[in-house]
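Following: one structure in structure tokens, then a few remarks.
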6 protein chains.
Amino acid sequence: MIYLTRREHFCSSHQLSNPKFSDKENFEIYGKCAYPHGHGHNYELEVTVTGDPDRDTGMILDLKKLSEIIDKEILEKVDHKHLNIDVDFLKGIIPTAENLCVVFWKILEPKITAGKLYSIKVYETPNNYAEYRGGK
Amino acid sequence: MIYLTRREHFCSSHQLSNPKFSDKENFEIYGKCAYPHGHGHNYELEVTVTGDPDRDTGMILDLKKLSEIIDKEILEKVDHKHLNIDVDFLKGIIPTAENLCVVFWKILEPKITAGKLYSIKVYETPNNYAEYRGGK
Amino acid sequence: MIYLTRREHFCSSHQLSNPKFSDKENFEIYGKCAYPHGHGHNYELEVTVTGDPDRDTGMILDLKKLSEIIDKEILEKVDHKHLNIDVDFLKGIIPTAENLCVVFWKILEPKITAGKLYSIKVYETPNNYAEYRGGK
Amino acid sequence: MIYLTRREHFCSSHQLSNPKFSDKENFEIYGKCAYPHGHGHNYELEVTVTGDPDRDTGMILDLKKLSEIIDKEILEKVDHKHLNIDVDFLKGIIPTAENLCVVFWKILEPKITAGKLYSIKVYETPNNYAEYRGGK
Amino acid sequence: MIYLTRREHFCSSHQLSNPKFSDKENFEIYGKCAYPHGHGHNYELEVTVTGDPDRDTGMILDLKKLSEIIDKEILEKVDHKHLNIDVDFLKGIIPTAENLCVVFWKILEPKITAGKLYSIKVYETPNNYAEYRGGK
Amino acid sequence: MIYLTRREHFCSSHQLSNPKFSDKENFEIYGKCAYPHGHGHNYELEVTVTGDPDRDTGMILDLKKLSEIIDKEILEKVDHKHLNIDVDFLKGIIPTAENLCVVFWKILEPKITAGKLYSIKVYETPNNYAEYRGGK
């Protein structure tokens, strides 16, 4: 079993607050991330696929095709967008790094046609990142 | 003459569009940066001061104090904010990296109490950045 | 299960040598790291916590609080210090990256109040780092 | 169990194509990587060893010795070389990142004299990398 | 005057040797870079343009267009190629970082339609790079 | 005129304090950097030389030789050392980044045998660095 990773980038706005909570509660929970007009990040997205390299090609899957899948399914929807407002598949979801990992997993997992999805990592900054490896 | 640089970080939203232009024109000029709900970046801000090190301290100026000045004058106003909406000193200014450099220069230049401000660099991403060294 | 990571930084001195060994033996074992007056690093510390995101907040735990815990328990004790001399919890411990991971785990593990500590990574340089995931 | 990692670098050429395939098929499979005169990368190689730190030294193994082993067994053979032409142990192997991981594992695994080899990571670029942890 | 920089990437092979010299001389001059089958790098190319931001757009020039110019004039010709063999505009030129800077300047300088070209930087590795600012 | 840069690394301890000042004054001036047992950094040193590439070699000077000069004159003296105690050429000098630049310039400037020394940059951390370009 080999693990093959493709790293992509997107620049988006988001805001962290839950409409169930009062403004005061949201600031207590999310701090500066709750400011009403949002802020943004240069997100990094790492998608790792696992499998055995094909004997003839030496590849688990074509990184170019993986990149195209990520681009079509994720980046075209989130890049240069406001994650709370512009993205259908994030409606009703608080766009923490944790939640982005799970949502991106659900979207990408059925699209991987060679090997199996192993991990989704989302970096908000070089100092803050989340990872999801599927399952419960 | 020595050049001393402090690098700081802030995470903000912005949107590029000029109300003088039609939506169509704004998209032609700014592309994805004109999307109406904005997007964001992990900005990097480099402030370079030039001068002669003090004979007794070996320092042009105290980087800790420079960091405090940048924090008070710039970061507290822009970090986790929407640059087009939340920042008084950016009202009416299109927040391109070029314009941010000039505005930050005007704010910081009179606050530097040892040495002289030499350069302001603003990175939107590792691949896109602007620099201003003062003057015309 | 999601994995959430916070990366922090500290600048410290250390020296590698064991008083049980002769100077000659220490130099054979540790090379330049045994020089008597020590040397230093810009250490990077990655703390990874695992758990399920809270349904209401979308977060495993508040990264700001995790950052405060790391700051209070670790960084205030080691940053800008000499690890062999200044740090109570390192007395009698050779401050290799391997040992730092284990010591930091023992300190942080009981302080994590949401989710569970999963991994401690200590980078001495971008090219040399150790990781501990608990257990034997 | 601690995991200790050493990162090394090498600059090499490679070309991806399988002589079993026609030129047209190779371009369909490998895209620009199939160009006949090859291209190159600043490869990064991460070698992770796992084990218990020695009680007297605080080290799983000496990173300096690990670095020497990697240098002698791998870097001297591949650095500033063309991977398809110049490297005996890559004869007949398509030098994808996946295959490099497996070949490097087979070479290094018996040379690790303290701890056990845990993982080999090969970065072609910061955005494309493969990992192998042994086994089937 | 503002300085605006766009960073791009390409992966190429090259070999350093001068046919005027004997093999022995070439090895004395270029070391490992003279190996006959070449080696490669993940090159980074930084193109800096200087000018005054347009009053209406806030931009010196459109970074997207600058990126397209660099792509068409440089990257399409050198990316995934062997610089000594595949690139018309490098025929007869030893592809050192110094020479690449000058050649890229000559190609790009007349294509910059807003602002003026100020600097070309070519990174062979993060540790080795050359810069050219025009003129003699 | 081309500018050619070589980046090197060293890991050292230092402490900032002036014996002319009281402990209290040193803490006011240098903060945590005045702690008595010192702290350390992964320093980065960038040495830039300027000149015209030789017509036959395409190089201003051989980066390998520049690297050897830096290694012999600087790195062997400072790497894995305590800058306040172990380094002859730093005796009586407060080892701020500003002062290190000037001292390294004075040592390296007469050793550069092709081209001319243009700049010395010393990074204490990625966020704090000084540069010296010679002269008054």
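Labels for the structure tokens follow display order: chains A, B, ..., residues from 1 in each chain, ligands from 1.
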Interface rows for chain E against chain D: nearest pair, Å to one decimal, 7 Å, only C-alpha atoms, as a Markdown table:
```
| residue | atom | partner | partner_atom | distance |
| --- | --- | --- | --- | --- |
| E:Cys11 | CA | D:Gly40 | CA | 5.5 |
| E:Ser12 | CA | D:His39 | CA | 4.2 |
| E:Ser13 | CA | D:His39 | CA | 4.4 |
| E:Lys32 | CA | D:His80 | CA | 6.1 |
| E:Cys33 | CA | D:His80 | CA | 6.4 |
| E:Tyr35 | CA | D:Lys81 | CA | 6.9 |
| E:His37 | CA | D:His82 | CA | 5.8 |
| E:Gly38 | CA | D:His82 | CA | 6.1 |
| E:His39 | CA | D:Ser12 | CA | 4.2 |
| E:Gly40 | CA | D:Gly40 | CA | 3.5 |
| E:His41 | CA | D:His41 | CA | 4.1 |
| E:Asn42 | CA | D:His41 | CA | 4.8 |
| E:His80 | CA | D:His39 | CA | 4.7 |
| E:Lys81 | CA | D:His39 | CA | 5.2 |
| E:His82 | CA | D:His39 | CA | 5.7 |
| E:Thr125 | CA | D:Asn42 | CA | 7.0 |
```
How would the residues just chosen look if you wrote them out with all heavy atoms as a tab-separated table (two decimals), in the first residue's frame?
```tsv
chain	number	residue	atom	x	y	z
E	11	CYS	N	9.42	22.77	-13.93
E	11	CYS	CA	10.26	21.61	-13.60
E	11	CYS	C	11.01	21.21	-14.86
E	11	CYS	O	10.37	20.76	-15.82
E	11	CYS	CB	9.39	20.45	-13.13
E	11	CYS	SG	8.47	20.84	-11.62
E	12	SER	N	12.31	21.36	-14.83
E	12	SER	CA	13.09	21.12	-16.04
E	12	SER	C	14.39	20.39	-15.72
E	12	SER	O	14.85	20.38	-14.58
E	12	SER	CB	13.45	22.45	-16.71
E	12	SER	OG	12.31	23.25	-16.89
E	13	SER	N	14.95	19.80	-16.77
E	13	SER	CA	16.29	19.23	-16.71
E	13	SER	C	17.29	20.23	-17.26
E	13	SER	O	16.94	21.05	-18.11
E	13	SER	CB	16.39	17.99	-17.59
E	13	SER	OG	15.81	16.89	-16.98
E	32	LYS	N	29.20	18.17	-10.05
E	32	LYS	CA	28.10	17.25	-10.34
E	32	LYS	C	27.15	17.77	-11.42
E	32	LYS	O	26.45	16.98	-12.06
E	32	LYS	CB	27.29	16.98	-9.07
E	32	LYS	CG	28.03	16.20	-8.01
E	32	LYS	CD	27.11	15.77	-6.89
E	32	LYS	CE	26.59	16.94	-6.07
E	32	LYS	NZ	25.83	16.48	-4.88
E	33	CYS	N	27.13	19.09	-11.60
E	33	CYS	CA	26.23	19.67	-12.61
E	33	CYS	C	26.66	19.32	-14.02
E	33	CYS	O	25.91	19.57	-14.97
E	33	CYS	CB	26.17	21.19	-12.46
E	33	CYS	SG	25.49	21.71	-10.88
E	35	TYR	N	27.45	16.17	-14.98
E	35	TYR	CA	27.15	14.77	-15.31
E	35	TYR	C	26.44	14.71	-16.67
E	35	TYR	O	25.51	15.50	-16.92
E	35	TYR	CB	26.27	14.13	-14.23
E	35	TYR	CG	26.97	13.80	-12.94
E	35	TYR	CD1	26.24	13.53	-11.79
E	35	TYR	CD2	28.36	13.72	-12.85
E	35	TYR	CE1	26.86	13.21	-10.59
E	35	TYR	CE2	28.99	13.40	-11.66
E	35	TYR	CZ	28.25	13.14	-10.53
E	35	TYR	OH	28.86	12.83	-9.36
E	37	HIS	N	24.15	13.04	-18.40
E	37	HIS	CA	22.71	12.89	-18.70
E	37	HIS	C	21.85	13.94	-18.02
E	37	HIS	O	20.62	13.87	-18.10
E	37	HIS	CB	22.24	11.48	-18.35
E	37	HIS	CG	23.00	10.42	-19.07
E	37	HIS	ND1	23.82	9.53	-18.43
E	37	HIS	CD2	23.13	10.16	-20.40
E	37	HIS	CE1	24.40	8.75	-19.32
E	37	HIS	NE2	24.01	9.12	-20.52
E	38	GLY	N	22.48	14.90	-17.34
E	38	GLY	CA	21.72	16.01	-16.76
E	38	GLY	C	21.03	15.67	-15.46
E	38	GLY	O	21.03	14.52	-15.01
E	39	HIS	N	20.51	16.70	-14.85
E	39	HIS	CA	19.74	16.58	-13.62
E	39	HIS	C	18.64	17.64	-13.71
E	39	HIS	O	18.46	18.24	-14.77
E	39	HIS	CB	20.64	16.82	-12.41
E	39	HIS	CG	21.25	18.17	-12.38
E	39	HIS	ND1	22.31	18.52	-13.20
E	39	HIS	CD2	20.94	19.28	-11.70
E	39	HIS	CE1	22.61	19.78	-13.00
E	39	HIS	NE2	21.80	20.28	-12.08
E	40	GLY	N	17.88	17.87	-12.65
E	40	GLY	CA	16.77	18.81	-12.79
E	40	GLY	C	16.42	19.53	-11.53
E	40	GLY	O	16.98	19.26	-10.46
E	41	HIS	N	15.53	20.47	-11.69
E	41	HIS	CA	15.12	21.31	-10.56
E	41	HIS	C	13.63	21.64	-10.66
E	41	HIS	O	13.05	21.64	-11.74
E	41	HIS	CB	15.90	22.63	-10.56
E	41	HIS	CG	17.37	22.49	-10.37
E	41	HIS	ND1	17.91	21.99	-9.21
E	41	HIS	CD2	18.43	22.75	-11.18
E	41	HIS	CE1	19.23	21.97	-9.32
E	41	HIS	NE2	19.57	22.42	-10.50
E	42	ASN	N	13.04	21.94	-9.49
E	42	ASN	CA	11.78	22.67	-9.43
E	42	ASN	C	12.15	24.15	-9.41
E	42	ASN	O	12.35	24.73	-8.35
E	42	ASN	CB	11.00	22.31	-8.16
E	42	ASN	CG	10.70	20.83	-8.04
E	42	ASN	OD1	10.61	20.11	-9.03
E	42	ASN	ND2	10.57	20.35	-6.82
E	80	HIS	N	8.83	21.06	-17.94
E	80	HIS	CA	8.93	19.64	-18.25
E	80	HIS	C	9.80	19.38	-19.49
E	80	HIS	O	9.66	18.36	-20.16
E	80	HIS	CB	7.55	18.99	-18.39
E	80	HIS	CG	6.93	18.70	-17.05
E	80	HIS	ND1	6.47	19.70	-16.22
E	80	HIS	CD2	6.73	17.53	-16.37
E	80	HIS	CE1	6.00	19.15	-15.11
E	80	HIS	NE2	6.14	17.84	-15.17
E	81	LYS	N	10.73	20.28	-19.75
E	81	LYS	CA	11.65	20.15	-20.87
E	81	LYS	C	13.09	20.04	-20.37
E	81	LYS	O	13.38	20.30	-19.21
E	81	LYS	CB	11.54	21.39	-21.78
E	81	LYS	CG	10.16	21.61	-22.38
E	81	LYS	CD	9.85	20.65	-23.50
E	81	LYS	CE	8.43	20.79	-24.00
E	81	LYS	NZ	8.12	22.12	-24.51
E	82	HIS	N	13.98	19.68	-21.30
E	82	HIS	CA	15.42	19.68	-21.05
E	82	HIS	C	15.97	20.99	-21.60
E	82	HIS	O	15.94	21.21	-22.82
E	82	HIS	CB	16.07	18.47	-21.73
E	82	HIS	CG	17.48	18.22	-21.29
E	82	HIS	ND1	18.47	19.17	-21.36
E	82	HIS	CD2	18.07	17.12	-20.73
E	82	HIS	CE1	19.60	18.67	-20.90
E	82	HIS	NE2	19.38	17.43	-20.49
E	125	THR	N	17.21	26.16	-6.52
E	125	THR	CA	16.77	25.53	-5.27
E	125	THR	C	16.50	26.69	-4.30
E	125	THR	O	16.87	27.82	-4.58
E	125	THR	CB	17.84	24.60	-4.67
E	125	THR	OG1	18.88	25.42	-4.11
E	125	THR	CG2	18.43	23.67	-5.70
```
Review point. Using only C-alpha atoms, which residues sit within 10 Å of Ala130 of chain C once same-chain residues fewer than 6 positions away are excluded, as an MDAnalysis selection string?
Key: (chainID C and resid 45 96:102 120:124) or (chainID D and resid 2:6 48:50 60)
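Atom CA of Glu25 of chain E sits 15.4 Å away from atom CA of Arg55 of chain F.
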Practice item. Would you work out the distance separating atom CA of Pro110 of chain B from atom CA of Gly92 of chain B, expressed in Å to one decimal? Key: 22.3 Å
Exercise for review: Mind the document's chain letters and residue numbers, and return as a PyMOL selection string the residues of chain C that DSSP labels strand (DSSP E).
Suggested key: chain C and resi 2-14+39-51+116-125+128-132
**Study point:** Sel. of helix (DSSP H, G or I) residues, segment 48-132 of chain F, as a ChimeraX atom specification
**Key:** /F:63-78,88-90,97-111
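Residue nearest Ile29 of chain B within the list E:Met1, E:Val47, E:Ile93, E:Met59: E:Met59 [criterion: smallest interatomic distance, only C-alpha atoms].
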Review point. What's the 10 Å shell around segment 70-72 of chain C, counting only C-alpha atoms, without same-chain residues fewer than 2 positions away, as a PyMOL selection string?
Key: chain C and resi 6-10+45-47+64-68+74-79+104+107-108+111-112
Check your understanding: Skipping near chain neighbours, those fewer than 2 positions away, what residues fall within 7 Å of Arg133 of chain C using only C-alpha atoms, listed as a VMD selection string?
Key -> chain C and resid 118 to 120 131 135
Write the residues of the selection above to a file with N, CA and C atoms, as a PDB file, in the first residue's frame.
```pdb
ATOM      1  N   TYR C 118      -3.453  13.199  20.518  1.00  0.00           N
ATOM      2  CA  TYR C 118      -3.133  12.132  19.575  1.00  0.00           C
ATOM      3  C   TYR C 118      -1.644  12.087  19.244  1.00  0.00           C
ATOM      4  N   SER C 119      -1.014  13.252  19.117  1.00  0.00           N
ATOM      5  CA  SER C 119       0.383  13.262  18.675  1.00  0.00           C
ATOM      6  C   SER C 119       1.073  14.545  19.114  1.00  0.00           C
ATOM      7  N   ILE C 120       2.348  14.402  19.446  1.00  0.00           N
ATOM      8  CA  ILE C 120       3.236  15.539  19.698  1.00  0.00           C
ATOM      9  C   ILE C 120       4.396  15.416  18.712  1.00  0.00           C
ATOM     10  N   GLU C 131       8.305  12.410  16.604  1.00  0.00           N
ATOM     11  CA  GLU C 131       6.873  12.379  16.904  1.00  0.00           C
ATOM     12  C   GLU C 131       6.606  11.294  17.935  1.00  0.00           C
ATOM     13  N   GLY C 135       1.412   5.939  24.586  1.00  0.00           N
ATOM     14  CA  GLY C 135       1.545   4.490  24.752  1.00  0.00           C
ATOM     15  C   GLY C 135       2.997   4.086  24.869  1.00  0.00           C
TER      16      GLY C 135
END
```
